[in-house]
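Asker: Contents of input05.pdb (PDB, C-alpha atoms):
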```pdb
ATOM      1  CA  MET S   2     132.875  54.031  84.816
ATOM      2  CA  VAL S   3     130.346  53.604  87.631
ATOM      3  CA  VAL S   4     129.544  57.317  87.907
ATOM      4  CA  ASN S   5     129.427  57.804  84.135
ATOM      5  CA  ASN S   6     126.975  54.933  83.593
ATOM      6  CA  LEU S   7     124.775  55.106  86.688
ATOM      7  CA  PHE S   8     124.530  58.836  87.367
ATOM      8  CA  PRO S   9     122.387  59.603  84.262
ATOM      9  CA  VAL S  10     119.954  56.787  85.138
ATOM     10  CA  PHE S  11     119.470  57.742  88.790
ATOM     11  CA  ALA S  12     119.448  61.465  87.975
ATOM     12  CA  LEU S  13     116.407  60.906  85.721
ATOM     13  CA  LEU S  14     114.733  58.774  88.412
ATOM     14  CA  LEU S  15     115.251  61.568  90.945
ATOM     15  CA  PHE S  16     114.104  64.190  88.441
ATOM     16  CA  GLY S  17     110.918  62.213  87.790
ATOM     17  CA  HIS S  18     110.256  62.002  91.531
ATOM     18  CA  LEU S  19     110.816  65.753  91.982
ATOM     19  CA  LEU S  20     108.539  66.608  89.049
ATOM     20  CA  ASN S  21     105.762  64.603  90.688
ATOM     21  CA  ARG S  22     106.358  66.144  94.124
ATOM     22  CA  MET S  23     106.180  69.627  92.589
ATOM     23  CA  GLY S  24     102.911  68.781  90.852
ATOM     24  CA  ILE S  25     104.318  69.181  87.345
ATOM     25  CA  THR S  26     103.466  65.572  86.562
ATOM     26  CA  HIS S  27     100.399  63.824  87.978
ATOM     27  CA  ASP S  28      98.737  60.423  88.143
ATOM     28  CA  ALA S  29      96.992  60.743  84.775
ATOM     29  CA  PHE S  30     100.274  61.612  83.064
ATOM     30  CA  LEU S  31     102.139  58.747  84.748
ATOM     31  CA  LYS S  32      99.445  56.205  83.820
ATOM     32  CA  THR S  33      99.469  57.366  80.195
ATOM     33  CA  ALA S  34     103.272  57.291  80.080
ATOM     34  CA  ASP S  35     103.295  53.772  81.542
ATOM     35  CA  LYS S  36     100.894  52.543  78.857
ATOM     36  CA  LEU S  37     102.883  54.143  76.046
ATOM     37  CA  ILE S  38     106.118  52.632  77.320
ATOM     38  CA  TYR S  39     104.755  49.183  78.143
ATOM     39  CA  PHE S  40     102.588  48.626  75.078
ATOM     40  CA  ILE S  41     104.399  50.608  72.351
ATOM     41  CA  PHE S  42     107.837  52.120  72.889
ATOM     42  CA  PHE S  43     109.652  49.453  74.907
ATOM     43  CA  PRO S  44     108.330  46.507  72.838
ATOM     44  CA  ALA S  45     109.423  48.402  69.706
ATOM     45  CA  LEU S  46     112.869  48.900  71.234
ATOM     46  CA  LEU S  47     113.194  45.169  72.028
ATOM     47  CA  PHE S  48     112.004  44.130  68.557
ATOM     48  CA  TRP S  49     114.480  46.513  66.938
ATOM     49  CA  LYS S  50     117.471  45.464  69.048
ATOM     50  CA  ILE S  51     116.880  41.743  68.478
ATOM     51  CA  GLY S  52     115.758  41.973  64.853
ATOM     52  CA  ALA S  53     118.867  43.893  63.844
ATOM     53  CA  ALA S  54     121.274  41.379  65.420
ATOM     54  CA  ALA S  55     124.128  39.997  63.373
ATOM     55  CA  SER S  56     124.138  36.201  63.206
ATOM     56  CA  ASP S  57     127.129  35.917  65.561
ATOM     57  CA  HIS S  58     125.910  38.371  68.201
ATOM     58  CA  ILE S  59     123.058  36.625  69.992
ATOM     59  CA  GLY S  60     125.091  36.133  73.169
ATOM     60  CA  ASP S  61     126.552  33.352  75.246
ATOM     61  CA  PRO S  62     123.997  30.611  76.110
ATOM     62  CA  GLY S  63     125.613  30.488  79.565
ATOM     63  CA  LEU S  64     124.097  33.914  80.290
ATOM     64  CA  TYR S  65     120.559  32.653  79.774
ATOM     65  CA  LYS S  66     121.156  29.415  81.708
ATOM     66  CA  ALA S  67     122.658  31.351  84.621
ATOM     67  CA  ALA S  68     119.707  33.764  84.699
ATOM     68  CA  ILE S  69     117.163  30.932  84.838
ATOM     69  CA  CYS S  70     119.109  29.043  87.531
ATOM     70  CA  GLY S  71     119.656  32.204  89.578
ATOM     71  CA  VAL S  72     115.995  33.220  89.565
ATOM     72  CA  PHE S  73     114.782  29.735  90.428
ATOM     73  CA  SER S  74     117.319  29.426  93.264
ATOM     74  CA  VAL S  75     116.213  32.690  94.873
ATOM     75  CA  TYR S  76     112.570  31.715  94.382
ATOM     76  CA  VAL S  77     113.179  28.514  96.362
ATOM     77  CA  LEU S  78     115.140  30.324  99.102
ATOM     78  CA  SER S  79     112.522  33.076  99.464
ATOM     79  CA  SER S  80     109.757  30.442  99.620
ATOM     80  CA  LEU S  81     111.639  28.711 102.450
ATOM     81  CA  TYR S  82     111.873  32.075 104.234
ATOM     82  CA  ILE S  83     108.098  32.489 103.923
ATOM     83  CA  LYS S  84     107.546  29.068 105.494
ATOM     84  CA  ILE S  85     110.212  29.255 108.229
ATOM     85  CA  PHE S  86     109.473  32.808 109.379
ATOM     86  CA  ARG S  87     105.713  32.490 108.826
ATOM     87  CA  VAL S  88     105.174  35.423 106.503
ATOM     88  CA  SER S  89     101.418  35.999 106.378
ATOM     89  CA  ALA S  90      99.406  34.764 103.399
ATOM     90  CA  TYR S  91      98.441  38.375 102.640
ATOM     91  CA  GLN S  92     102.096  39.446 102.314
ATOM     92  CA  ALA S  93     103.675  36.262 100.929
ATOM     93  CA  GLY S  94     102.900  36.867  97.249
ATOM     94  CA  SER S  95     104.200  40.436  97.213
ATOM     95  CA  PHE S  96     107.290  39.461  99.209
ATOM     96  CA  SER S  97     108.115  36.534  96.919
ATOM     97  CA  GLN S  98     107.865  38.623  93.740
ATOM     98  CA  SER S  99     110.051  41.404  95.110
ATOM     99  CA  CYS S 100     112.894  38.902  95.643
ATOM    100  CA  TYR S 101     113.407  38.017  91.964
ATOM    101  CA  ARG S 102     111.437  40.317  89.635
ATOM    102  CA  PHE S 103     113.588  42.890  87.824
ATOM    103  CA  ASN S 104     113.075  46.367  86.397
ATOM    104  CA  THR S 105     113.495  46.022  82.626
ATOM    105  CA  TYR S 106     113.623  49.767  81.963
ATOM    106  CA  ILE S 107     116.424  50.526  84.415
ATOM    107  CA  GLY S 108     118.215  47.413  83.163
ATOM    108  CA  MET S 109     118.110  48.489  79.531
ATOM    109  CA  ALA S 110     119.210  52.029  80.422
ATOM    110  CA  VAL S 111     122.245  50.800  82.381
ATOM    111  CA  VAL S 112     123.188  48.132  79.822
ATOM    112  CA  LEU S 113     122.975  50.581  76.922
ATOM    113  CA  SER S 114     125.047  53.144  78.786
ATOM    114  CA  ALA S 115     127.700  50.673  79.957
ATOM    115  CA  LEU S 116     127.839  48.053  77.193
ATOM    116  CA  GLY S 117     126.347  49.611  74.070
ATOM    117  CA  GLU S 118     124.412  47.911  71.274
ATOM    118  CA  ASP S 119     125.748  44.382  71.734
ATOM    119  CA  GLY S 120     124.923  44.412  75.439
ATOM    120  CA  ALA S 121     121.441  45.813  74.792
ATOM    121  CA  ARG S 122     120.767  43.088  72.223
ATOM    122  CA  GLN S 123     121.733  40.317  74.624
ATOM    123  CA  PHE S 124     119.714  41.925  77.417
ATOM    124  CA  SER S 125     116.692  42.069  75.083
ATOM    125  CA  ILE S 126     116.934  38.332  74.374
ATOM    126  CA  LEU S 127     117.368  37.668  78.093
ATOM    127  CA  ILE S 128     114.146  39.558  78.809
ATOM    128  CA  GLY S 129     112.220  37.387  76.360
ATOM    129  CA  LEU S 130     113.518  34.192  77.953
ATOM    130  CA  ILE S 131     113.270  35.079  81.638
ATOM    131  CA  ILE S 132     109.937  36.951  81.832
ATOM    132  CA  PRO S 133     107.814  33.817  81.118
ATOM    133  CA  LEU S 134     109.517  31.972  83.998
ATOM    134  CA  ILE S 135     109.067  34.927  86.335
ATOM    135  CA  ASN S 136     105.376  35.250  85.473
ATOM    136  CA  VAL S 137     104.748  31.556  86.119
ATOM    137  CA  LEU S 138     106.510  31.731  89.501
ATOM    138  CA  ALA S 139     104.799  34.990  90.505
ATOM    139  CA  VAL S 140     101.244  33.974  89.587
ATOM    140  CA  SER S 141     101.663  30.519  91.126
ATOM    141  CA  THR S 142     102.913  31.933  94.434
ATOM    142  CA  LEU S 143     100.310  34.695  94.572
ATOM    143  CA  SER S 144      97.550  32.186  93.840
ATOM    144  CA  TRP S 145      98.839  29.685  96.388
ATOM    145  CA  PHE S 146      99.051  32.210  99.228
ATOM    146  CA  SER S 147      96.049  34.317  98.224
ATOM    147  CA  GLU S 148      93.521  34.858 101.017
ATOM    148  CA  ASP S 149      90.839  34.406  98.385
ATOM    149  CA  LYS S 150      90.316  30.830  97.262
ATOM    150  CA  VAL S 151      91.915  30.571  93.824
ATOM    151  CA  THR S 152      91.053  27.458  91.853
ATOM    152  CA  LEU S 153      93.607  25.600  89.756
ATOM    153  CA  ARG S 154      91.653  26.587  86.662
ATOM    154  CA  LYS S 155      91.851  30.284  87.525
ATOM    155  CA  ARG S 156      95.546  29.936  88.344
ATOM    156  CA  VAL S 157      96.274  28.377  84.956
ATOM    157  CA  SER S 158      94.089  30.976  83.243
ATOM    158  CA  LEU S 159      95.874  33.895  84.917
ATOM    159  CA  THR S 160      99.300  32.466  84.112
ATOM    160  CA  THR S 161      98.391  31.767  80.482
ATOM    161  CA  LYS S 162      96.901  35.241  80.054
ATOM    162  CA  ALA S 163      99.983  36.858  81.630
ATOM    163  CA  LEU S 164     102.220  35.065  79.130
ATOM    164  CA  LEU S 165     100.146  35.412  75.958
ATOM    165  CA  THR S 166      99.302  39.101  76.431
ATOM    166  CA  ASN S 167     102.680  40.337  77.680
ATOM    167  CA  PRO S 168     103.874  42.825  75.017
ATOM    168  CA  LEU S 169     107.528  42.383  76.005
ATOM    169  CA  ILE S 170     107.408  38.627  75.436
ATOM    170  CA  ILE S 171     105.574  39.128  72.127
ATOM    171  CA  ALA S 172     108.122  41.728  70.993
ATOM    172  CA  CYS S 173     111.069  39.483  71.887
ATOM    173  CA  LEU S 174     109.611  36.454  70.100
ATOM    174  CA  ALA S 175     108.763  38.586  67.060
ATOM    175  CA  GLY S 176     112.277  40.041  67.086
ATOM    176  CA  ILE S 177     113.870  36.575  67.235
ATOM    177  CA  ALA S 178     111.662  35.369  64.359
ATOM    178  CA  TYR S 179     112.495  38.461  62.295
ATOM    179  CA  TRP S 180     116.229  38.081  63.027
ATOM    180  CA  LYS S 181     116.165  34.417  62.026
ATOM    181  CA  TRP S 182     114.178  34.692  58.788
ATOM    182  CA  ILE S 183     114.860  38.231  57.552
ATOM    183  CA  GLY S 184     117.440  40.093  59.629
ATOM    184  CA  GLY S 185     118.374  43.748  59.475
ATOM    185  CA  PHE S 186     116.169  46.737  58.648
ATOM    186  CA  PRO S 187     116.051  49.170  55.724
ATOM    187  CA  VAL S 188     117.713  52.455  56.647
ATOM    188  CA  PHE S 189     114.453  54.416  56.905
ATOM    189  CA  ILE S 190     112.908  51.796  59.221
ATOM    190  CA  ASP S 191     116.087  51.568  61.286
ATOM    191  CA  ASN S 192     116.140  55.359  61.667
ATOM    192  CA  THR S 193     112.491  55.355  62.741
ATOM    193  CA  PHE S 194     113.157  52.808  65.487
ATOM    194  CA  ARG S 195     116.274  54.736  66.519
ATOM    195  CA  LEU S 196     114.301  57.979  66.838
ATOM    196  CA  ALA S 197     111.586  56.239  68.872
ATOM    197  CA  SER S 198     114.245  54.779  71.172
ATOM    198  CA  PHE S 199     115.270  58.320  72.174
ATOM    199  CA  VAL S 200     111.856  58.683  73.829
ATOM    200  CA  THR S 201     111.607  55.275  75.468
ATOM    201  CA  LEU S 202     114.139  55.114  78.283
ATOM    202  CA  PRO S 203     114.051  58.760  79.473
ATOM    203  CA  LEU S 204     110.236  58.635  79.648
ATOM    204  CA  ALA S 205     110.367  55.267  81.432
ATOM    205  CA  LEU S 206     112.847  56.530  84.039
ATOM    206  CA  LEU S 207     110.857  59.719  84.662
ATOM    207  CA  SER S 208     107.715  57.621  85.074
ATOM    208  CA  ILE S 209     109.376  55.213  87.530
ATOM    209  CA  GLY S 210     110.725  58.125  89.569
ATOM    210  CA  GLY S 211     107.335  59.807  89.609
ATOM    211  CA  ALA S 212     105.620  56.666  90.858
ATOM    212  CA  LEU S 213     108.075  55.999  93.704
ATOM    213  CA  THR S 214     106.583  56.636  97.124
ATOM    214  CA  LEU S 215     108.113  56.282 100.572
ATOM    215  CA  SER S 216     104.739  56.201 102.344
ATOM    216  CA  GLY S 217     104.311  52.970 104.253
ATOM    217  CA  MET S 218     108.058  52.333 104.203
ATOM    218  CA  LYS S 219     108.385  52.469 108.009
ATOM    219  CA  LYS S 220     105.567  49.979 108.583
ATOM    220  CA  HIS S 221     106.961  47.480 106.063
ATOM    221  CA  LEU S 222     110.662  48.216 106.487
ATOM    222  CA  LYS S 223     111.704  44.821 107.874
ATOM    223  CA  LEU S 224     110.084  42.642 105.211
ATOM    224  CA  SER S 225     110.947  44.981 102.330
ATOM    225  CA  LEU S 226     114.552  45.047 103.579
ATOM    226  CA  VAL S 227     114.686  41.231 103.671
ATOM    227  CA  ALA S 228     113.311  41.202 100.110
ATOM    228  CA  GLY S 229     116.009  43.716  99.182
ATOM    229  CA  VAL S 230     118.683  41.419 100.606
ATOM    230  CA  PHE S 231     117.391  38.543  98.472
ATOM    231  CA  LYS S 232     117.133  40.720  95.354
ATOM    232  CA  LEU S 233     120.302  42.807  95.642
ATOM    233  CA  ILE S 234     122.705  40.523  97.525
ATOM    234  CA  VAL S 235     121.646  36.867  97.342
ATOM    235  CA  LEU S 236     120.600  36.942  93.670
ATOM    236  CA  PRO S 237     123.786  38.708  92.438
ATOM    237  CA  LEU S 238     125.961  36.287  94.418
ATOM    238  CA  ALA S 239     124.062  33.260  93.102
ATOM    239  CA  GLY S 240     124.122  34.736  89.610
ATOM    240  CA  TYR S 241     127.881  35.295  89.762
ATOM    241  CA  LEU S 242     128.426  31.649  90.724
ATOM    242  CA  PHE S 243     126.156  30.379  87.941
ATOM    243  CA  LEU S 244     127.806  32.640  85.360
ATOM    244  CA  LYS S 245     131.183  31.225  86.359
ATOM    245  CA  ALA S 246     129.805  27.662  86.385
ATOM    246  CA  PHE S 247     128.588  28.087  82.799
ATOM    247  CA  ASP S 248     131.900  29.682  81.714
ATOM    248  CA  THR S 249     130.231  32.938  80.724
ATOM    249  CA  SER S 250     132.619  35.753  79.855
ATOM    250  CA  GLY S 251     132.965  39.085  78.065
ATOM    251  CA  VAL S 252     129.898  41.195  77.374
ATOM    252  CA  SER S 253     127.554  38.320  78.272
ATOM    253  CA  PHE S 254     129.071  38.107  81.773
ATOM    254  CA  LYS S 255     128.691  41.866  82.251
ATOM    255  CA  VAL S 256     125.083  41.801  81.050
ATOM    256  CA  GLY S 257     124.396  38.993  83.513
ATOM    257  CA  MET S 258     125.877  40.856  86.475
ATOM    258  CA  ILE S 259     123.879  43.997  85.675
ATOM    259  CA  TYR S 260     120.713  41.894  85.318
ATOM    260  CA  PHE S 261     121.207  40.202  88.704
ATOM    261  CA  ALA S 262     121.859  43.543  90.444
ATOM    262  CA  LEU S 263     118.732  45.325  89.183
ATOM    263  CA  PRO S 264     115.990  46.595  91.522
ATOM    264  CA  THR S 265     112.679  44.801  91.664
ATOM    265  CA  SER S 266     110.005  45.500  89.068
ATOM    266  CA  THR S 267     107.149  47.973  89.446
ATOM    267  CA  ALA S 268     104.949  45.282  87.854
ATOM    268  CA  LEU S 269     104.798  43.417  91.156
ATOM    269  CA  TYR S 270     102.399  46.097  92.483
ATOM    270  CA  ILE S 271      99.922  45.447  89.660
ATOM    271  CA  LEU S 272      99.947  41.674  90.054
ATOM    272  CA  SER S 273      99.692  41.949  93.853
ATOM    273  CA  ALA S 274      96.586  44.105  93.457
ATOM    274  CA  GLN S 275      94.999  41.654  91.019
ATOM    275  CA  LEU S 276      95.428  38.697  93.384
ATOM    276  CA  SER S 277      94.686  40.405  96.709
ATOM    277  CA  SER S 278      98.219  40.549  98.093
ATOM    278  CA  ASP S 279      99.781  43.394 100.116
ATOM    279  CA  THR S 280     100.180  46.340  97.725
ATOM    280  CA  ARG S 281     101.677  48.582 100.435
ATOM    281  CA  LEU S 282     104.453  46.064 100.989
ATOM    282  CA  ALA S 283     104.922  45.962  97.211
ATOM    283  CA  SER S 284     105.287  49.765  97.080
ATOM    284  CA  ALA S 285     107.765  49.774  99.962
ATOM    285  CA  ALA S 286     109.820  46.977  98.389
ATOM    286  CA  ILE S 287     109.916  48.762  95.019
ATOM    287  CA  ALA S 288     111.042  52.074  96.554
ATOM    288  CA  LEU S 289     113.672  50.558  98.851
ATOM    289  CA  SER S 290     115.014  48.225  96.152
ATOM    290  CA  THR S 291     115.302  51.072  93.633
ATOM    291  CA  ILE S 292     117.216  53.281  96.076
ATOM    292  CA  LEU S 293     119.586  50.525  97.229
ATOM    293  CA  SER S 294     120.190  49.231  93.699
ATOM    294  CA  PHE S 295     122.616  52.102  93.141
ATOM    295  CA  PHE S 296     125.083  50.170  95.334
ATOM    296  CA  SER S 297     124.403  46.715  93.857
ATOM    297  CA  LEU S 298     124.697  48.050  90.304
ATOM    298  CA  SER S 299     127.883  49.894  91.211
ATOM    299  CA  LEU S 300     129.434  46.637  92.428
ATOM    300  CA  ALA S 301     128.162  44.790  89.347
ATOM    301  CA  LEU S 302     129.865  47.295  87.072
ATOM    302  CA  LEU S 303     133.105  46.950  89.022
ATOM    303  CA  VAL S 304     133.214  43.122  88.910
TER
END
```
Please express what this file holds, its structure, as structure tokens.

Answerer:
Amino acid sequence: MVVNNLFPVFALLLFGHLLNRMGITHDAFLKTADKLIYFIFFPALLFWKIGAAASDHIGDPGLYKAAICGVFSVYVLSSLYIKIFRVSAYQAGSFSQSCYRFNTYIGMAVVLSALGEDGARQFSILIGLIIPLINVLAVSTLSWFSEDKVTLRKRVSLTTKALLTNPLIIACLAGIAYWKWIGGFPVFIDNTFRLASFVTLPLALLSIGGALTLSGMKKHLKLSLVAGVFKLIVLPLAGYLFLKAFDTSGVSFKVGMIYFALPTSTALYILSAQLSSDTRLASAAIALSTILSFFSLSLALLV
């Protein structure tokens, strides 16, 4: 099961990296692909998965409670680490994000492969619920530790903008509204979304692989490794306990374990750059987390 569900995902990541190293893909292509995925294809996929849900297949509420509790717990623990071990203000924001952000594209690819349509639908709803919390935590921490003086007004403005303009949040909310008031799609619309979905995840995985870089890894190995421990060991363990505490079972439990074991998000690089945090640490954390997530996801699938 592990090989069957993870090999295709990591093979496409590696293929994307090799294409970039060979010069077949380039920065302009990767930036265009990222925009297409982030603003069009992946939001459409989320809207379709949620909007087509049957009334009794929205998932176990325990999954969503466990995700929120798990993320907040790791946020608190990583913040304590920053204080106790005196992580510099320049690195604190990037480090904090890399401990709890998650890669939505890899997550959807693994969930679809391992759990099918029902799992993908629950993962889509989870994305819509958890991303607002993650954005609030990330912007708040980056603003607090920023070497530039960030006013409360700017902090609120950045957080509000991040929430209101996030296409994934908009797609999830629109999908929930559509599911509640209309539900289901005509065959020709459903087939259109299905065809578009064939493009989404392969392109996303190739793009992620192409953007991965190991430069700067040696210089930031210690802190990126600590972030990896929080993201790939502490968070899955905390998540497992919360899932059990909320009596989550079946597909919802499996979706939760995959979610907790995911590598950190490539979005942390963008936000770190916007608020003057360490982008090289962000790159190192993304690369190391993505590589090591093969093991955390393997364990998650075996649980």

Asker: Counting all atoms listed in the file, which of S:Ala197, S:Leu81, S:Ala285, S:Leu293 gets nearest to S:Phe11?

Answerer: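 Going through S:Ala197, S:Leu81, S:Ala285, S:Leu293 one by one, the smallest distance to S:Phe11 is for S:Leu293.
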
Asker: Quick one: residues within 6 Å of stretch 33-50 of chain S, all atoms listed in the file, excluding same-chain residues fewer than 5 positions away - as number ranges by chain?

Answerer: S: 122, 125, 168-169, 172-173, 176, 201

Asker: Could you tell me which of S:Ser278, S:Thr214, S:Ser79, S:Gln123 comes closest to S:Ile292 if we count only C-alpha atoms?

Answerer: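 Closest to S:Ile292, using only C-alpha atoms: S:Thr214.
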
Asker: Contacts of stretch 281-283 of chain S at 9 Å or less, counting only C-alpha atoms, minus same-chain residues fewer than 5 places along, as a short mmCIF file (atom, residue, chain, number, x, y, z; two decimals) with C-alpha atoms, in the coordinates of the input?

Answerer:
```
data_model
loop_
_atom_site.label_atom_id
_atom_site.label_comp_id
_atom_site.auth_asym_id
_atom_site.auth_seq_id
_atom_site.Cartn_x
_atom_site.Cartn_y
_atom_site.Cartn_z
CA GLN S 92 102.10 39.45 102.31
CA SER S 95 104.20 40.44 97.21
CA PHE S 96 107.29 39.46 99.21
CA GLN S 98 107.86 38.62 93.74
CA SER S 99 110.05 41.40 95.11
CA SER S 216 104.74 56.20 102.34
CA GLY S 217 104.31 52.97 104.25
CA MET S 218 108.06 52.33 104.20
CA LYS S 220 105.57 49.98 108.58
CA HIS S 221 106.96 47.48 106.06
CA LEU S 222 110.66 48.22 106.49
CA LEU S 224 110.08 42.64 105.21
CA SER S 225 110.95 44.98 102.33
CA THR S 267 107.15 47.97 89.45
CA LEU S 269 104.80 43.42 91.16
CA TYR S 270 102.40 46.10 92.48
CA SER S 273 99.69 41.95 93.85
CA ALA S 288 111.04 52.07 96.55
#
```

Asker: When you draw a straight line from atom CA of S:Ala205 to atom CA of S:Gly63, how long is it in Å?

Answerer: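 One can read the atom CA of S:Ala205 to atom CA of S:Gly63 distance as 29.2 Å.
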
Asker: List the residues selected by the PyMOL selection byres ((chain S and resi 19) around 12) in the file shown, writing them as a ChimeraX atom specification.

Answerer: /S:12-18,20-27,207-214

Asker: When the PyMOL selection byres ((chain S and resi 238) around 12) is applied to the file above, which residues end up in the set, as a count of residues only?

Answerer: 31

Asker: Smallest atom-to-atom distance to S:Val112: which of S:Phe254, S:Phe296, S:Trp145, S:Phe194, using all atoms listed in the file?

Answerer: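 Closest residue, counting all atoms listed in the file: S:Phe254.
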
Asker: At a cut-off of 9 Å from (120.6, 39.9, 59.0) in the coordinates of the file, what residues are picked up using all atoms listed in the file, written as a PyMOL selection string?

Answerer: chain S and resi 52-56+179-186

Asker: Please report the interatomic distance between atom CA of S:Ser299 and atom CA of S:Leu7 in Å with one decimal.

Answerer: 7.6 Å

Asker: Run through the PyMOL selection byres ((chain S and resi 127-135) around 7) on the given coordinates and return the selected residues as a ChimeraX atom specification.

Answerer: /S:65,69,102,123-126,136-139,164,169-170,173-174

Asker: Rounded to one decimal, what separation in Å do you get between atom CA of S:Lys255 and atom CA of S:Leu116?

Answerer: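 These atoms are spaced 8.0 Å apart.
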